[in-house]
Amino acid sequence: MSSTVTILDGGMGRELLRSGAPFRQPEWSALAVIEAPHFVRKAHDAFVSAGAEVITTNSYAIVPFHIGEKRFAENGLELTRLAGQLARASAEAAGDTVRVAGSLPPVFGSYRPDLFDAGKAPDILRVIIEGLSPYVDFWLAETQSSVGEVETIREVLGTDTRPLWISFTLDDTKGVDDILAGHGEPTLRSGEAVADAAVKAVQLGAGALLFNCSQAEIMEAAVKAARRALDVHGLTTPIGVYANAFVPRPDTEEELAANSGLSGLPNDLDPPGYLLFARRWVEAGATIVGGCCGIGPEHIAELRQTFHPQPITA
């Protein structure tokens, strides 16, 4: 298939858990950076070997929400710097074929736009950006639940000239069947329409618009809604998807707490199953594909072989 499709890596947290790295809540994927960083390098290398052209720094959970206010104040800069170093070392070992994306996470917890504090977020983001800056090729604001979160990130980045990729997480907790049937429009977890958020993201300077950390089923509708909205405005910004493999979860504060536990994984999103979704995303207009939580190197290898087929040698 198309050689224009860029292949991202997969979910760092699950890969760390699977590899035997120290892993628990609330620290989540940050614990490996703190206690056993060689596992982080191992995970990056696994995704690179699988064919990822972009690897993302393991800085998603290096925020006070996960590691605590005190630890972040004392060690946040050091830890984000280490996360950047680990990703850069893996990319350099691969030659000139792999780029490093600096993960700029939702600093007050995943899926919780209601917790976002525009007054406190900049101080946290500045630490992450300072630590990662020497090691990344571009920025990836990921799992963003609202336009307001992205506006703050853009402001804090200031005059940094590196590309900013913006990735929104979608509301996949209610109305999904109607959306899939064409009777509703996809929204961010804040309730903002994907179409409006897509245009706003590009106006903020997004070098690419993505959707991540949501069910694979809803991603095609988001790609189509975003593509329609951008086309109306004559915008050609690339669109990408990296879905998760979570079992759908109830829409309650207890269930949506980002560090309350691990979600179950369905059995039908094995690599071939995930590829079926990815093909539909690409047919809908996506030119960047990868994986989020629960999507491992084996899934990325399937994507790479499909979108960048290599001849089989004896």
# chains A, B, ... in the order shown; residues from 1 in each chain; ligands from 1
>>> select_by_dssp(residues="stretch 16-211 of chain A", states="strand (DSSP E or B)", output="PDB file with N, CA and C atoms, in the first residue's frame")
ATOM      1  N   VAL A  54       8.642   6.871  13.869  1.00  0.00           N
ATOM      2  CA  VAL A  54       8.581   7.891  14.919  1.00  0.00           C
ATOM      3  C   VAL A  54       8.441   7.181  16.253  1.00  0.00           C
ATOM      4  N   ILE A  55       9.286   7.513  17.214  1.00  0.00           N
ATOM      5  CA  ILE A  55       9.121   7.015  18.577  1.00  0.00           C
ATOM      6  C   ILE A  55       8.871   8.207  19.487  1.00  0.00           C
ATOM      7  N   THR A  56       8.066   7.996  20.499  1.00  0.00           N
ATOM      8  CA  THR A  56       7.634   9.070  21.387  1.00  0.00           C
ATOM      9  C   THR A  56       8.286   8.924  22.747  1.00  0.00           C
ATOM     10  N   ARG A  99      12.556   9.390  13.808  1.00  0.00           N
ATOM     11  CA  ARG A  99      12.446  10.687  14.460  1.00  0.00           C
ATOM     12  C   ARG A  99      11.895  10.523  15.869  1.00  0.00           C
ATOM     13  N   VAL A 100      12.198  11.499  16.715  1.00  0.00           N
ATOM     14  CA  VAL A 100      11.742  11.467  18.105  1.00  0.00           C
ATOM     15  C   VAL A 100      10.697  12.548  18.332  1.00  0.00           C
ATOM     16  N   ALA A 101       9.534  12.128  18.821  1.00  0.00           N
ATOM     17  CA  ALA A 101       8.462  13.056  19.186  1.00  0.00           C
ATOM     18  C   ALA A 101       8.491  13.276  20.691  1.00  0.00           C
ATOM     19  N   GLY A 102       8.462  14.528  21.100  1.00  0.00           N
ATOM     20  CA  GLY A 102       8.442  14.854  22.517  1.00  0.00           C
ATOM     21  C   GLY A 102       7.021  14.871  23.037  1.00  0.00           C
ATOM     22  N   SER A 103       6.694  13.915  23.911  1.00  0.00           N
ATOM     23  CA  SER A 103       5.335  13.798  24.417  1.00  0.00           C
ATOM     24  C   SER A 103       5.007  14.917  25.398  1.00  0.00           C
ATOM     25  N   LEU A 104       3.988  15.686  25.070  1.00  0.00           N
ATOM     26  CA  LEU A 104       3.436  16.702  25.963  1.00  0.00           C
ATOM     27  C   LEU A 104       2.048  16.215  26.363  1.00  0.00           C
ATOM     28  N   PHE A 138      10.374  16.935  17.067  1.00  0.00           N
ATOM     29  CA  PHE A 138       9.134  17.733  17.056  1.00  0.00           C
ATOM     30  C   PHE A 138       8.350  17.412  18.309  1.00  0.00           C
ATOM     31  N   TRP A 139       7.300  18.180  18.540  1.00  0.00           N
ATOM     32  CA  TRP A 139       6.484  18.023  19.739  1.00  0.00           C
ATOM     33  C   TRP A 139       5.190  17.298  19.405  1.00  0.00           C
ATOM     34  N   LEU A 140       4.733  16.465  20.335  1.00  0.00           N
ATOM     35  CA  LEU A 140       3.468  15.755  20.176  1.00  0.00           C
ATOM     36  C   LEU A 140       2.609  16.016  21.407  1.00  0.00           C
ATOM     37  N   ALA A 141       1.653  16.917  21.258  1.00  0.00           N
ATOM     38  CA  ALA A 141       0.676  17.158  22.324  1.00  0.00           C
ATOM     39  C   ALA A 141      -0.378  16.068  22.197  1.00  0.00           C
ATOM     40  N   GLU A 142      -0.330  15.079  23.083  1.00  0.00           N
ATOM     41  CA  GLU A 142      -1.161  13.894  22.875  1.00  0.00           C
ATOM     42  C   GLU A 142      -2.193  13.686  23.968  1.00  0.00           C
ATOM     43  N   THR A 143      -3.248  12.966  23.586  1.00  0.00           N
ATOM     44  CA  THR A 143      -4.366  12.657  24.478  1.00  0.00           C
ATOM     45  C   THR A 143      -4.965  13.937  25.053  1.00  0.00           C
ATOM     46  N   GLN A 144      -5.064  14.936  24.217  1.00  0.00           N
ATOM     47  CA  GLN A 144      -5.643  16.206  24.637  1.00  0.00           C
ATOM     48  C   GLN A 144      -7.166  16.123  24.547  1.00  0.00           C
ATOM     49  N   LEU A 164       4.664  21.104  15.714  1.00  0.00           N
ATOM     50  CA  LEU A 164       3.809  20.658  16.810  1.00  0.00           C
ATOM     51  C   LEU A 164       2.703  19.800  16.227  1.00  0.00           C
ATOM     52  N   TRP A 165       2.707  18.519  16.576  1.00  0.00           N
ATOM     53  CA  TRP A 165       1.608  17.633  16.211  1.00  0.00           C
ATOM     54  C   TRP A 165       0.613  17.644  17.358  1.00  0.00           C
ATOM     55  N   ILE A 166      -0.659  17.774  17.027  1.00  0.00           N
ATOM     56  CA  ILE A 166      -1.713  17.845  18.032  1.00  0.00           C
ATOM     57  C   ILE A 166      -2.602  16.617  17.913  1.00  0.00           C
ATOM     58  N   SER A 167      -2.741  15.876  19.012  1.00  0.00           N
ATOM     59  CA  SER A 167      -3.540  14.654  19.003  1.00  0.00           C
ATOM     60  C   SER A 167      -4.617  14.714  20.080  1.00  0.00           C
ATOM     61  N   PHE A 168      -5.858  14.613  19.635  1.00  0.00           N
ATOM     62  CA  PHE A 168      -7.004  14.661  20.542  1.00  0.00           C
ATOM     63  C   PHE A 168      -7.487  13.255  20.887  1.00  0.00           C
ATOM     64  N   LEU A 170     -10.925  11.106  21.927  1.00  0.00           N
ATOM     65  CA  LEU A 170     -12.338  11.245  21.585  1.00  0.00           C
ATOM     66  C   LEU A 170     -13.240  10.679  22.673  1.00  0.00           C
ATOM     67  N   THR A 187     -16.983  13.712  18.954  1.00  0.00           N
ATOM     68  CA  THR A 187     -16.575  14.861  19.762  1.00  0.00           C
ATOM     69  C   THR A 187     -15.340  14.511  20.585  1.00  0.00           C
ATOM     70  N   LEU A 188     -14.662  15.548  21.064  1.00  0.00           N
ATOM     71  CA  LEU A 188     -13.605  15.359  22.039  1.00  0.00           C
ATOM     72  C   LEU A 188     -14.248  14.992  23.369  1.00  0.00           C
ATOM     73  N   ALA A 193     -16.910  19.567  19.181  1.00  0.00           N
ATOM     74  CA  ALA A 193     -16.998  18.816  17.940  1.00  0.00           C
ATOM     75  C   ALA A 193     -15.618  18.622  17.324  1.00  0.00           C
ATOM     76  N   ALA A 206      -0.777  23.474  14.032  1.00  0.00           N
ATOM     77  CA  ALA A 206      -0.512  22.040  14.035  1.00  0.00           C
ATOM     78  C   ALA A 206       0.137  21.599  12.729  1.00  0.00           C
ATOM     79  N   GLY A 207       1.262  20.905  12.846  1.00  0.00           N
ATOM     80  CA  GLY A 207       1.891  20.340  11.667  1.00  0.00           C
ATOM     81  C   GLY A 207       1.219  19.060  11.231  1.00  0.00           C
ATOM     82  N   ALA A 208       0.501  18.431  12.162  1.00  0.00           N
ATOM     83  CA  ALA A 208      -0.311  17.253  11.880  1.00  0.00           C
ATOM     84  C   ALA A 208      -1.409  17.209  12.925  1.00  0.00           C
ATOM     85  N   LEU A 209      -2.559  16.662  12.539  1.00  0.00           N
ATOM     86  CA  LEU A 209      -3.704  16.501  13.432  1.00  0.00           C
ATOM     87  C   LEU A 209      -3.949  15.014  13.605  1.00  0.00           C
ATOM     88  N   LEU A 210      -3.977  14.573  14.861  1.00  0.00           N
ATOM     89  CA  LEU A 210      -4.140  13.151  15.125  1.00  0.00           C
ATOM     90  C   LEU A 210      -5.239  12.908  16.152  1.00  0.00           C
ATOM     91  N   PHE A 211      -5.628  11.625  16.239  1.00  0.00           N
ATOM     92  CA  PHE A 211      -6.572  11.167  17.251  1.00  0.00           C
ATOM     93  C   PHE A 211      -5.969   9.922  17.905  1.00  0.00           C
TER      94      PHE A 211
END
>>> residues_around(residues="stretch 32-34 of chain A", least_positions_apart="3", cutoff="12 Å", atoms="only C-alpha atoms", output="ChimeraX atom specification")
/A:12-17,19-25,27-29,37-43,57-62,67,71-72,75-76,78-87
>>> select_by_dssp(residues="stretch 41-251 of chain A", states="helix (DSSP H, G or I)", output="PyMOL selection string")
chain A and resi 41-50+64-67+69-93+113-115+121-135+147-157+176-180+194-203+216-232
>>> residues_around(residues="A:Val98", least_positions_apart="4", cutoff="10 Å", atoms="only C-alpha atoms", output="ChimeraX atom specification")
/A:7-8,48,51-55,88,90-94,137
>>> write_last_selection(atoms="all heavy atoms", output="compact mmCIF listing (two decimals), in the first residue's frame")
# COMPACT_ATOMS: atom_id res chain seq x y z
N ILE A 7 4.66 5.59 9.95
CA ILE A 7 4.37 4.61 10.99
C ILE A 7 4.90 5.09 12.34
O ILE A 7 6.10 5.33 12.51
CB ILE A 7 5.00 3.24 10.66
CG1 ILE A 7 4.58 2.77 9.26
CG2 ILE A 7 4.60 2.21 11.72
CD1 ILE A 7 3.10 2.56 9.10
N LEU A 8 3.99 5.24 13.29
CA LEU A 8 4.35 5.60 14.66
C LEU A 8 4.66 4.35 15.47
O LEU A 8 4.47 3.23 15.01
CB LEU A 8 3.20 6.36 15.32
CG LEU A 8 2.62 7.57 14.60
CD1 LEU A 8 1.47 8.16 15.41
CD2 LEU A 8 3.68 8.61 14.36
N VAL A 48 11.23 0.33 17.26
CA VAL A 48 12.07 0.66 16.10
C VAL A 48 12.31 -0.59 15.26
O VAL A 48 12.19 -0.56 14.02
CB VAL A 48 13.41 1.28 16.55
CG1 VAL A 48 14.38 1.38 15.37
CG2 VAL A 48 13.18 2.66 17.16
N GLY A 51 9.55 -1.44 13.01
CA GLY A 51 9.35 -0.60 11.84
C GLY A 51 8.83 0.79 12.10
O GLY A 51 8.48 1.51 11.17
N ALA A 52 8.76 1.21 13.37
CA ALA A 52 8.30 2.56 13.67
C ALA A 52 9.26 3.60 13.11
O ALA A 52 10.48 3.48 13.26
CB ALA A 52 8.16 2.76 15.17
N GLU A 53 8.71 4.61 12.47
CA GLU A 53 9.50 5.71 11.94
C GLU A 53 9.53 6.89 12.89
O GLU A 53 10.34 7.81 12.74
CB GLU A 53 8.93 6.16 10.59
CG GLU A 53 8.95 5.07 9.54
CD GLU A 53 8.11 5.43 8.34
OE1 GLU A 53 6.87 5.34 8.43
OE2 GLU A 53 8.70 5.81 7.31
N VAL A 54 8.64 6.87 13.87
CA VAL A 54 8.58 7.89 14.92
C VAL A 54 8.44 7.18 16.25
O VAL A 54 7.58 6.31 16.41
CB VAL A 54 7.39 8.85 14.72
CG1 VAL A 54 7.27 9.80 15.90
CG2 VAL A 54 7.52 9.63 13.42
N ILE A 55 9.29 7.51 17.21
CA ILE A 55 9.12 7.01 18.58
C ILE A 55 8.87 8.21 19.49
O ILE A 55 9.40 9.30 19.26
CB ILE A 55 10.33 6.19 19.07
CG1 ILE A 55 11.63 7.00 18.99
CG2 ILE A 55 10.44 4.91 18.26
CD1 ILE A 55 12.84 6.26 19.59
N ARG A 88 16.23 9.40 22.18
CA ARG A 88 17.22 9.85 21.21
C ARG A 88 18.28 8.79 20.95
O ARG A 88 18.69 8.56 19.81
CB ARG A 88 17.86 11.15 21.70
CG ARG A 88 19.01 11.69 20.84
CD ARG A 88 18.67 11.78 19.38
NE ARG A 88 17.55 12.65 19.14
CZ ARG A 88 16.89 12.71 17.97
NH1 ARG A 88 17.26 11.94 16.96
NH2 ARG A 88 15.87 13.51 17.81
N SER A 90 17.92 5.56 21.14
CA SER A 90 17.32 4.52 20.32
C SER A 90 17.21 4.96 18.87
O SER A 90 17.50 4.19 17.95
CB SER A 90 15.94 4.16 20.87
OG SER A 90 15.36 3.09 20.16
N ALA A 91 16.81 6.21 18.66
CA ALA A 91 16.69 6.72 17.30
C ALA A 91 18.04 6.79 16.60
O ALA A 91 18.18 6.42 15.42
CB ALA A 91 16.03 8.09 17.31
N GLU A 92 19.06 7.24 17.31
CA GLU A 92 20.39 7.35 16.71
C GLU A 92 20.97 5.98 16.37
O GLU A 92 21.67 5.83 15.36
CB GLU A 92 21.32 8.11 17.65
CG GLU A 92 21.00 9.60 17.74
CD GLU A 92 21.97 10.36 18.62
OE1 GLU A 92 22.79 9.70 19.30
OE2 GLU A 92 21.90 11.60 18.62
N ALA A 93 20.64 4.99 17.17
CA ALA A 93 21.13 3.65 16.88
C ALA A 93 20.52 3.10 15.59
O ALA A 93 21.10 2.23 14.94
CB ALA A 93 20.79 2.71 18.04
N ALA A 94 19.36 3.65 15.22
CA ALA A 94 18.69 3.19 14.00
C ALA A 94 19.18 3.93 12.76
O ALA A 94 18.77 3.59 11.64
CB ALA A 94 17.18 3.38 14.15
N ASP A 137 12.76 15.87 17.85
CA ASP A 137 12.67 16.47 16.52
C ASP A 137 11.42 17.32 16.37
O ASP A 137 11.41 18.29 15.60
CB ASP A 137 12.67 15.37 15.45
CG ASP A 137 13.96 14.57 15.47
OD1 ASP A 137 15.03 15.16 15.27
OD2 ASP A 137 13.90 13.34 15.68
>>> closest_residue(among="A:Glu302, A:Glu149, A:Asp196, A:Asp231", to="A:Ser110", atoms="only C-alpha atoms")
A:Glu149
>>> closest_atom_pairs(of="stretch 168-218 of chain A", to="stretch 268-292 of chain A", cutoff="9 Å", atoms="only C-alpha atoms", output="tab-separated table")
residue	atom	partner	partner_atom	distance
A:Ala208	CA	A:Ile288	CA	8.8
A:Leu210	CA	A:Ile288	CA	8.0
A:Asn212	CA	A:Cys292	CA	6.6
A:Cys213	CA	A:Cys292	CA	5.7
A:Ser214	CA	A:Cys292	CA	8.4
A:Ala216	CA	A:Phe277	CA	6.7
A:Glu217	CA	A:Phe277	CA	7.4
>>> closest_residue(among="A:Ile179, A:Leu235, A:Ala243, A:Ala50", to="A:Gln305", atoms="only C-alpha atoms")
A:Ala50
>>> atom_distance(atom1="atom CA of A:Leu132", atom2="atom CA of A:Leu31")
17.5 Å
>>> atom_distance(atom1="atom CA of A:Ser145", atom2="atom CA of A:Ala226")
15.5 Å
>>> atom_distance(atom1="atom CA of A:Gly68", atom2="atom CA of A:Ile295")
27.3 Å
